[in-house]
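**Q** Got a structure for you, work-v4.cif, holding mmCIF, C-alpha atoms.
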data_protein
loop_
_atom_site.label_atom_id
_atom_site.label_comp_id
_atom_site.auth_asym_id
_atom_site.auth_seq_id
_atom_site.Cartn_x
_atom_site.Cartn_y
_atom_site.Cartn_z
CA MET A 1 0.00 0.00 0.00
CA ALA A 2 1.25 3.46 -0.91
CA SER A 3 2.32 5.80 1.85
CA ASP A 4 1.11 9.39 2.09
CA GLY A 5 2.75 11.48 -0.59
CA GLN A 6 3.77 8.51 -2.73
CA LYS A 7 2.54 8.29 -6.30
CA VAL A 8 1.02 4.98 -7.33
CA VAL A 9 2.61 3.76 -10.57
CA LEU A 10 1.08 0.81 -12.40
CA ILE A 11 3.27 -0.78 -15.08
CA THR A 12 2.25 -3.52 -17.51
CA GLY A 13 4.62 -6.13 -18.94
CA CYS A 14 7.18 -6.27 -16.13
CA SER A 15 8.52 -9.82 -16.49
CA SER A 16 11.57 -8.63 -18.45
CA GLY A 17 13.09 -5.83 -20.52
CA ILE A 18 11.92 -2.23 -20.27
CA GLY A 19 8.99 -2.94 -17.95
CA LEU A 20 11.21 -4.71 -15.44
CA ARG A 21 13.86 -1.99 -15.52
CA VAL A 22 11.50 0.96 -15.12
CA ALA A 23 9.67 -0.81 -12.27
CA VAL A 24 12.92 -1.39 -10.40
CA LEU A 25 14.26 2.10 -11.12
CA LEU A 26 11.16 3.78 -9.71
CA ALA A 27 10.93 1.41 -6.75
CA LYS A 28 14.54 2.23 -5.84
CA ASP A 29 13.99 5.99 -6.02
CA ASP A 30 16.16 7.56 -3.31
CA ARG A 31 13.33 9.75 -2.08
CA LYS A 32 10.80 6.88 -2.12
CA ARG A 33 8.36 8.96 -4.14
CA TYR A 34 6.74 5.99 -5.89
CA HIS A 35 4.78 2.91 -4.98
CA VAL A 36 5.17 0.62 -7.97
CA ILE A 37 2.59 -1.99 -8.93
CA ALA A 38 4.49 -4.21 -11.35
CA THR A 39 2.20 -6.44 -13.38
CA MET A 40 2.62 -9.38 -15.73
CA ARG A 41 0.36 -11.91 -17.36
CA ASP A 42 2.10 -14.91 -15.80
CA THR A 43 3.54 -14.37 -12.32
CA LYS A 44 5.53 -17.60 -12.67
CA ARG A 45 7.94 -15.38 -14.63
CA LYS A 46 8.50 -13.08 -11.65
CA ASP A 47 11.96 -14.33 -10.59
CA LYS A 48 14.02 -11.83 -12.64
CA LEU A 49 11.91 -8.94 -11.41
CA LEU A 50 12.14 -9.94 -7.76
CA GLU A 51 15.88 -10.49 -8.01
CA ALA A 52 16.40 -7.03 -9.51
CA ALA A 53 13.98 -5.41 -7.06
CA GLY A 54 15.83 -6.78 -4.04
CA ASP A 55 14.57 -5.47 -0.71
CA THR A 56 12.17 -3.02 -2.38
CA TYR A 57 9.78 -5.92 -3.00
CA GLY A 58 6.95 -5.73 -0.50
CA LYS A 59 7.85 -2.13 0.32
CA THR A 60 7.91 0.23 -2.65
CA LEU A 61 7.18 -2.52 -5.18
CA THR A 62 4.34 -5.01 -5.28
CA LEU A 63 3.42 -7.62 -7.87
CA GLN A 64 0.04 -8.18 -9.52
CA THR A 65 -1.29 -10.50 -12.21
CA LEU A 66 -2.65 -8.62 -15.21
CA ASP A 67 -3.41 -9.71 -18.77
CA VAL A 68 -4.02 -6.65 -20.95
CA CYS A 69 -5.94 -8.85 -23.41
CA SER A 70 -8.60 -9.61 -20.80
CA GLU A 71 -11.09 -6.97 -19.65
CA GLU A 72 -11.87 -9.05 -16.58
CA SER A 73 -8.19 -9.24 -15.63
CA VAL A 74 -7.76 -5.50 -16.11
CA LYS A 75 -10.78 -4.71 -13.94
CA GLN A 76 -9.73 -7.13 -11.20
CA CYS A 77 -6.27 -5.59 -11.03
CA ILE A 78 -7.50 -1.99 -10.83
CA ASN A 79 -10.26 -2.86 -8.34
CA SER A 80 -7.67 -4.45 -6.05
CA ILE A 81 -5.87 -1.11 -5.68
CA LYS A 82 -6.92 1.07 -2.75
CA ASP A 83 -9.50 3.61 -3.96
CA ARG A 84 -8.64 2.47 -7.52
CA ARG A 85 -5.98 5.17 -7.37
CA VAL A 86 -3.40 5.04 -10.14
CA ASP A 87 -1.43 8.27 -10.45
CA ILE A 88 0.82 7.10 -13.29
CA LEU A 89 -0.05 4.38 -15.78
CA ILE A 90 2.82 3.00 -17.87
CA ASN A 91 1.51 0.96 -20.79
CA ASN A 92 4.50 -1.22 -21.61
CA ALA A 93 3.10 -4.66 -22.50
CA GLY A 94 3.53 -5.47 -26.17
CA ILE A 95 4.45 -8.11 -28.73
CA GLY A 96 6.16 -8.00 -32.12
CA LEU A 97 5.57 -9.67 -35.47
CA LEU A 98 8.21 -9.84 -38.14
CA GLY A 99 8.29 -11.26 -41.67
CA PRO A 100 6.83 -11.03 -45.18
CA VAL A 101 3.22 -9.95 -44.88
CA GLU A 102 2.04 -12.62 -47.38
CA SER A 103 3.01 -15.32 -44.91
CA ILE A 104 1.31 -13.76 -41.87
CA SER A 105 -2.24 -14.84 -41.12
CA ILE A 106 -4.97 -12.37 -40.23
CA GLU A 107 -5.27 -14.09 -36.84
CA GLU A 108 -1.60 -13.40 -36.11
CA MET A 109 -2.11 -9.77 -37.07
CA LYS A 110 -5.15 -9.50 -34.80
CA LYS A 111 -3.11 -10.88 -31.91
CA VAL A 112 -0.59 -8.05 -32.26
CA PHE A 113 -3.35 -5.42 -32.25
CA GLU A 114 -5.14 -7.17 -29.38
CA THR A 115 -2.05 -6.76 -27.20
CA ASN A 116 -0.38 -3.59 -28.44
CA PHE A 117 -3.38 -1.42 -29.28
CA PHE A 118 -6.49 -2.80 -27.58
CA GLY A 119 -4.46 -3.80 -24.51
CA MET A 120 -3.41 -0.17 -24.15
CA VAL A 121 -6.99 1.02 -24.71
CA ARG A 122 -8.34 -1.35 -22.03
CA MET A 123 -5.86 0.00 -19.49
CA ILE A 124 -6.55 3.63 -20.31
CA LYS A 125 -10.33 3.16 -20.23
CA GLU A 126 -10.12 1.58 -16.78
CA VAL A 127 -7.97 4.25 -15.10
CA MET A 128 -9.03 7.35 -17.05
CA PRO A 129 -12.39 8.04 -15.34
CA ASP A 130 -10.77 8.12 -11.89
CA MET A 131 -7.93 10.32 -13.15
CA LYS A 132 -10.43 12.74 -14.66
CA MET A 133 -12.46 12.81 -11.44
CA ARG A 134 -9.31 13.59 -9.41
CA ARG A 135 -8.17 16.12 -12.04
CA SER A 136 -4.74 14.49 -11.90
CA GLY A 137 -2.84 11.73 -13.67
CA HIS A 138 -0.18 10.79 -16.19
CA ILE A 139 -0.60 8.13 -18.87
CA ILE A 140 2.64 6.92 -20.44
CA VAL A 141 2.54 4.74 -23.54
CA MET A 142 5.46 2.68 -24.84
CA SER A 143 5.31 3.37 -28.54
CA SER A 144 8.22 3.23 -31.00
CA VAL A 145 9.98 5.32 -33.60
CA MET A 146 8.12 2.97 -35.95
CA GLY A 147 4.90 4.59 -34.78
CA LEU A 148 6.11 7.76 -36.48
CA GLN A 149 7.86 6.45 -39.58
CA GLY A 150 7.59 3.04 -41.21
CA THR A 151 11.25 3.11 -42.28
CA GLY A 152 14.17 5.10 -41.01
CA CYS A 153 17.51 6.55 -41.99
CA VAL A 154 19.98 8.91 -40.38
CA GLY A 155 23.24 10.35 -41.60
CA LEU A 156 26.56 11.12 -39.97
CA ASP A 157 28.52 14.11 -41.27
CA GLY A 158 31.47 15.47 -39.33
CA GLY A 159 30.14 14.07 -36.07
CA ARG A 160 26.71 15.64 -36.50
CA TRP A 161 23.56 13.81 -37.50
CA LYS A 162 21.48 15.43 -40.19
CA LEU A 163 18.81 14.74 -42.75
CA GLY A 164 20.67 16.24 -45.71
CA VAL A 165 23.21 13.42 -45.81
CA ALA A 166 20.51 10.85 -46.48
CA ILE A 167 19.19 12.92 -49.36
CA SER A 168 22.54 13.89 -50.86
CA VAL A 169 23.84 10.33 -50.77
CA PHE A 170 22.44 9.80 -54.23
CA LYS A 171 24.31 12.79 -55.65
CA SER A 172 27.80 11.42 -55.20
CA LYS A 173 29.27 8.01 -54.45
CA ALA A 174 31.94 9.79 -52.45
CA ASP A 175 29.28 10.37 -49.82
CA TRP A 176 28.96 6.65 -49.05
CA VAL A 177 30.73 6.72 -45.70
CA THR A 178 28.53 9.54 -44.40
CA PHE A 179 25.37 7.56 -43.84
CA PHE A 180 23.80 4.54 -42.40
CA ILE A 181 20.26 3.23 -42.66
CA ALA A 182 17.93 1.94 -40.00
CA GLY A 183 15.45 0.16 -42.19
CA VAL A 184 12.49 -1.39 -40.49
CA VAL A 185 10.75 -2.99 -43.45
CA PHE A 186 9.09 -6.35 -42.80
CA ASN A 187 7.65 -4.92 -39.57
CA ASP A 188 4.42 -3.95 -41.34
CA VAL A 189 1.93 -5.23 -38.74
CA TYR A 190 3.93 -4.15 -35.69
CA THR A 191 4.39 -0.71 -37.24
CA ALA A 192 0.67 -0.46 -37.96
CA SER A 193 -0.13 -1.23 -34.30
CA LYS A 194 2.22 1.52 -33.16
CA PHE A 195 0.74 4.01 -35.65
CA ALA A 196 -2.70 3.17 -34.20
CA MET A 197 -1.42 3.83 -30.68
CA GLU A 198 0.05 7.17 -31.72
CA GLY A 199 -3.14 8.32 -33.43
CA PHE A 200 -5.38 7.24 -30.56
CA CYS A 201 -3.22 8.96 -27.95
CA GLU A 202 -2.71 12.13 -29.98
CA SER A 203 -6.46 12.62 -30.09
CA LEU A 204 -6.97 11.60 -26.46
CA ALA A 205 -4.21 13.87 -25.15
CA VAL A 206 -6.12 16.97 -26.24
CA GLN A 207 -9.26 15.90 -24.38
CA LEU A 208 -7.46 14.90 -21.20
CA LEU A 209 -5.60 18.19 -20.82
CA LYS A 210 -8.96 19.71 -19.83
CA PHE A 211 -8.86 17.40 -16.80
CA ASN A 212 -5.17 18.01 -15.98
CA VAL A 213 -4.24 14.51 -17.16
CA ASN A 214 -1.11 14.22 -19.28
CA VAL A 215 -0.36 11.68 -22.01
CA SER A 216 3.25 10.95 -23.02
CA MET A 217 4.50 8.69 -25.80
CA ILE A 218 7.88 6.98 -25.37
CA GLU A 219 9.40 6.31 -28.79
CA PRO A 220 12.58 4.20 -28.74
CA GLY A 221 14.57 3.05 -31.72
CA PRO A 222 16.32 -0.33 -31.41
CA VAL A 223 16.55 -1.65 -27.85
CA HIS A 224 18.61 -4.63 -26.70
CA THR A 225 16.06 -6.88 -25.00
CA GLU A 226 15.42 -10.61 -24.77
CA PHE A 227 12.27 -9.90 -26.79
CA GLU A 228 14.23 -8.58 -29.77
CA VAL A 229 17.03 -11.16 -29.67
CA LYS A 230 14.67 -14.12 -29.45
CA MET A 231 12.48 -12.77 -32.24
CA MET A 232 15.46 -12.33 -34.58
CA GLN A 233 16.69 -15.85 -33.86
CA ASP A 234 13.28 -17.40 -34.37
CA VAL A 235 12.40 -15.69 -37.64
CA ALA A 236 15.75 -16.61 -39.21
CA LYS A 237 14.84 -20.30 -38.90
CA MET A 238 11.26 -20.06 -40.08
CA GLU A 239 9.72 -20.90 -43.42
CA TYR A 240 7.44 -18.35 -45.07
CA PRO A 241 4.72 -20.06 -47.09
CA GLY A 242 2.90 -17.70 -49.43
CA ALA A 243 5.89 -15.40 -49.91
CA ASP A 244 7.83 -15.51 -53.16
CA ALA A 245 11.46 -16.62 -53.20
CA ASP A 246 12.84 -13.12 -53.88
CA THR A 247 11.00 -11.62 -50.91
CA VAL A 248 12.17 -14.38 -48.57
CA ARG A 249 15.74 -13.92 -49.79
CA TYR A 250 15.60 -10.15 -49.22
CA PHE A 251 14.18 -10.75 -45.76
CA LYS A 252 16.74 -13.34 -44.65
CA ASP A 253 19.83 -12.18 -46.54
CA VAL A 254 19.38 -8.40 -46.55
CA TYR A 255 16.99 -7.29 -43.83
CA LEU A 256 17.98 -9.58 -40.94
CA PRO A 257 21.77 -9.04 -41.19
CA SER A 258 21.22 -5.26 -41.50
CA SER A 259 18.90 -5.25 -38.49
CA LEU A 260 21.41 -7.10 -36.34
CA ASP A 261 24.10 -4.60 -37.35
CA ILE A 262 21.82 -1.70 -36.42
CA PHE A 263 20.89 -3.19 -33.04
CA GLU A 264 24.55 -3.72 -32.17
CA ALA A 265 25.66 -0.28 -33.32
CA MET A 266 22.74 1.89 -32.22
CA GLY A 267 20.68 -0.13 -29.78
CA GLN A 268 19.93 1.34 -26.38
CA SER A 269 19.51 -0.76 -23.27
CA PRO A 270 16.29 -1.20 -21.27
CA GLU A 271 18.01 0.83 -18.54
CA ASP A 272 18.41 3.72 -21.00
CA ILE A 273 14.69 3.70 -21.75
CA ALA A 274 13.80 3.39 -18.07
CA ARG A 275 15.84 6.51 -17.27
CA CYS A 276 14.07 8.37 -20.05
CA ILE A 277 10.66 7.36 -18.69
CA LYS A 278 11.67 8.56 -15.22
CA LYS A 279 12.67 11.93 -16.68
CA VAL A 280 9.30 12.21 -18.41
CA ILE A 281 7.46 11.35 -15.19
CA GLU A 282 9.39 13.96 -13.23
CA ALA A 283 9.20 16.73 -15.83
CA ARG A 284 7.30 19.83 -14.74
CA ARG A 285 5.56 19.94 -18.12
CA PRO A 286 5.81 16.45 -19.67
CA ARG A 287 6.16 16.34 -23.44
CA PHE A 288 3.70 14.38 -25.53
CA ARG A 289 6.34 12.80 -27.82
CA ASN A 290 9.66 11.58 -26.45
CA LEU A 291 12.20 10.06 -28.81
CA THR A 292 14.63 8.25 -26.53
CA ASN A 293 17.43 8.32 -29.08
CA SER A 294 17.88 11.66 -30.83
CA LEU A 295 19.86 9.97 -33.60
CA TYR A 296 16.44 9.02 -34.96
CA THR A 297 15.10 12.56 -35.14
CA PRO A 298 15.88 12.82 -38.89
CA ILE A 299 13.46 9.95 -39.52
CA VAL A 300 10.58 12.18 -38.56
CA ALA A 301 12.08 15.15 -40.39
CA MET A 302 12.40 13.20 -43.63
CA LYS A 303 8.80 12.03 -43.47
CA TYR A 304 7.44 15.55 -43.22
CA ALA A 305 9.97 17.16 -45.58
CA ASP A 306 7.97 15.92 -48.58
CA GLU A 307 4.18 15.85 -48.35
CA THR A 308 3.95 13.28 -51.18
CA GLY A 309 5.88 10.66 -49.19
CA GLY A 310 8.06 9.85 -52.18
CA LEU A 311 11.27 11.17 -50.64
CA SER A 312 11.35 8.78 -47.70
CA VAL A 313 9.98 5.76 -49.58
CA HIS A 314 12.46 5.96 -52.46
CA THR A 315 15.40 6.92 -50.26
CA PHE A 316 14.94 3.93 -48.00
CA TYR A 317 14.31 1.62 -50.94
CA ASN A 318 17.62 2.55 -52.55
CA LEU A 319 19.58 2.41 -49.32
CA LEU A 320 18.27 -1.02 -48.38
CA PHE A 321 18.05 -2.85 -51.69
CA ASN A 322 20.59 -1.12 -53.94
CA PHE A 323 23.26 -0.14 -51.45
CA GLY A 324 22.89 -2.93 -48.87
CA PRO A 325 26.45 -4.35 -49.00
CA LEU A 326 28.02 -0.94 -48.46
CA MET A 327 25.62 -0.27 -45.63
CA HIS A 328 26.81 -3.50 -43.96
CA ILE A 329 30.43 -2.29 -44.13
CA THR A 330 29.45 1.13 -42.82
CA MET A 331 27.61 -0.38 -39.88
CA ASN A 332 30.63 -2.50 -38.97
CA ILE A 333 32.75 0.65 -38.92
CA LEU A 334 30.15 2.34 -36.77
CA LYS A 335 30.16 -0.56 -34.30
CA CYS A 336 33.89 -0.03 -33.83
CA LEU A 337 33.34 3.68 -33.23
CA THR A 338 30.58 3.02 -30.72
CA CYS A 339 32.24 0.37 -28.56
CA SER A 340 31.23 0.30 -24.92
CA CYS A 341 34.12 2.48 -23.78
CA LEU A 342 33.49 5.23 -26.34
CA ARG A 343 29.76 4.97 -27.04
CA ARG A 344 27.87 8.15 -26.45
CA ARG A 345 24.38 7.24 -25.47
CA THR A 346 21.75 9.80 -26.28
CA ILE A 347 18.86 9.65 -23.85
CA SER A 348 16.17 12.23 -24.46
CA PRO A 349 14.52 14.31 -23.24
CA ASN A 350 17.47 16.14 -21.74
#
Just dump the structure as structure tokens.
**A**
Amino acid sequence: MASDGQKVVLITGCSSGIGLRVAVLLAKDDRKRYHVIATMRDTKRKDKLLEAAGDTYGKTLTLQTLDVCSEESVKQCINSIKDRRVDILINNAGIGLLGPVESISIEEMKKVFETNFFGMVRMIKEVMPDMKMRRSGHIIVMSSVMGLQGTGCVGLDGGRWKLGVAISVFKSKADWVTFFIAGVVFNDVYTASKFAMEGFCESLAVQLLKFNVNVSMIEPGPVHTEFEVKMMQDVAKMEYPGADADTVRYFKDVYLPSSLDIFEAMGQSPEDIARCIKKVIEARRPRFRNLTNSLYTPIVAMKYADETGGLSVHTFYNLLFNFGPLMHITMNILKCLTCSCLRRRTISPN
């Protein structure tokens, strides 16, 4: 039970990764400002959380069962909280889906939306009326840079990241070493679920401001988690019935190696994202959108630089399919420049 003055923070998806790390970070707050309710669908997977939480478990951190895909489970969890009071809701639970869209069934697609989008909606609907009545609350949603742009690219020029490099790369082959791509093709369904989350929350945020309730989107790029590693390993071994041979080859021989390079060179850790979320929670005026890695800012800039959409689509197509081998070399160079002793992590907002 929360003490006087403590904010009650409910977090979904805490069995591993970002959810686990943000739960522990807030529970270990030096000033004990938070009472964390860490939730997960299957509490048999609680061991990693409890180990990381240490002696905060039972004090500033408690554990609850919650399945965001079940309205009954959501209601039971919220009703078990004293006065149904949730000051900060962190919607973190989510699943991914990767591969050629021809080989993905509609049922698999629905499962992603059921967790990522409707799971978020269920949580918000359950806590929002009480937040509005109290005229206080903060809803944080774990989105993704893929909720803003279906594909991504950033450029490096003299130590500064800028959009112009990605555009000018086609003007001269001498510009090859000044860019790298973060292509996220073959994430069509996952990306669509994140776009849905962004649109829903952008509309809702306007309404909730009237009730002094803030909505904040957390938008990471690649993050090193068990979720990502396992997914990459699994999809590399799978067959893709319904997809043509060329598409499967591009997926396995071009996309997957490039993605692994990008994760190694640019990936943030769950701890990085947890620190960003804590900054957003503690901000005097929380921002609606929060890119955790400012190296991805040009992705958004490129999307809106051309209202027809042709600039980003054709740029990313050429970088991924025509210049893939050189990109692989560039990413290897980047990995050397961003080794653990020299890597400069960018955690926004500053």
**Q** Evaluated on this file, the PyMOL selection byres ((chain A and resi 122-136) around 9) picks out some residues - which ones are they, written as JSON, numbers by chain?
**A** {"A": [68, 69, 70, 71, 74, 75, 78, 84, 85, 86, 87, 89, 91, 117, 118, 119, 120, 121, 137, 138, 139, 208, 210, 211, 212, 213, 214]}
**Q** Please save C-alpha atoms of the selected residues as a CSV table (one decimal), keeping the file's coordinate frame.
**A**
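Contents of again25.csv, freshly written:
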chain,number,residue,atom,x,y,z
A,68,VAL,CA,-4.0,-6.6,-21.0
A,69,CYS,CA,-5.9,-8.8,-23.4
A,70,SER,CA,-8.6,-9.6,-20.8
A,71,GLU,CA,-11.1,-7.0,-19.6
A,74,VAL,CA,-7.8,-5.5,-16.1
A,75,LYS,CA,-10.8,-4.7,-13.9
A,78,ILE,CA,-7.5,-2.0,-10.8
A,84,ARG,CA,-8.6,2.5,-7.5
A,85,ARG,CA,-6.0,5.2,-7.4
A,86,VAL,CA,-3.4,5.0,-10.1
A,87,ASP,CA,-1.4,8.3,-10.4
A,89,LEU,CA,0.0,4.4,-15.8
A,91,ASN,CA,1.5,1.0,-20.8
A,117,PHE,CA,-3.4,-1.4,-29.3
A,118,PHE,CA,-6.5,-2.8,-27.6
A,119,GLY,CA,-4.5,-3.8,-24.5
A,120,MET,CA,-3.4,-0.2,-24.2
A,121,VAL,CA,-7.0,1.0,-24.7
A,137,GLY,CA,-2.8,11.7,-13.7
A,138,HIS,CA,-0.2,10.8,-16.2
A,139,ILE,CA,-0.6,8.1,-18.9
A,208,LEU,CA,-7.5,14.9,-21.2
A,210,LYS,CA,-9.0,19.7,-19.8
A,211,PHE,CA,-8.9,17.4,-16.8
A,212,ASN,CA,-5.2,18.0,-16.0
A,213,VAL,CA,-4.2,14.5,-17.2
A,214,ASN,CA,-1.1,14.2,-19.3
**Q** Go through A:Gly99, A:Gly94, A:Gly242, A:Pro270 one by one, measure the shortest atom-to-atom distance of each to Lys111 in chain A using all atoms listed in the file, and give the residue with the smallest value.
**A** A:Gly94
**Q** How far is it from CA of Glu108 in chain A to CA of Leu291 in chain A, in Å with one decimal?
**A**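 About the pair CA of Glu108 in chain A and CA of Leu291 in chain A: they are 28.2 Å apart.
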**Q** Please identify all polymer residues within 8 Å of range 186-189 of chain A, counting only C-alpha atoms, omitting same-chain residues fewer than 3 positions from it, and present them as a ChimeraX atom specification.
**A** /A:97-101,109,112,150,192-193,251
**Q** What is the CA of Pro222 in chain A-CA of Glu271 in chain A distance in Å, reported with one decimal?
**A** 13.0 Å
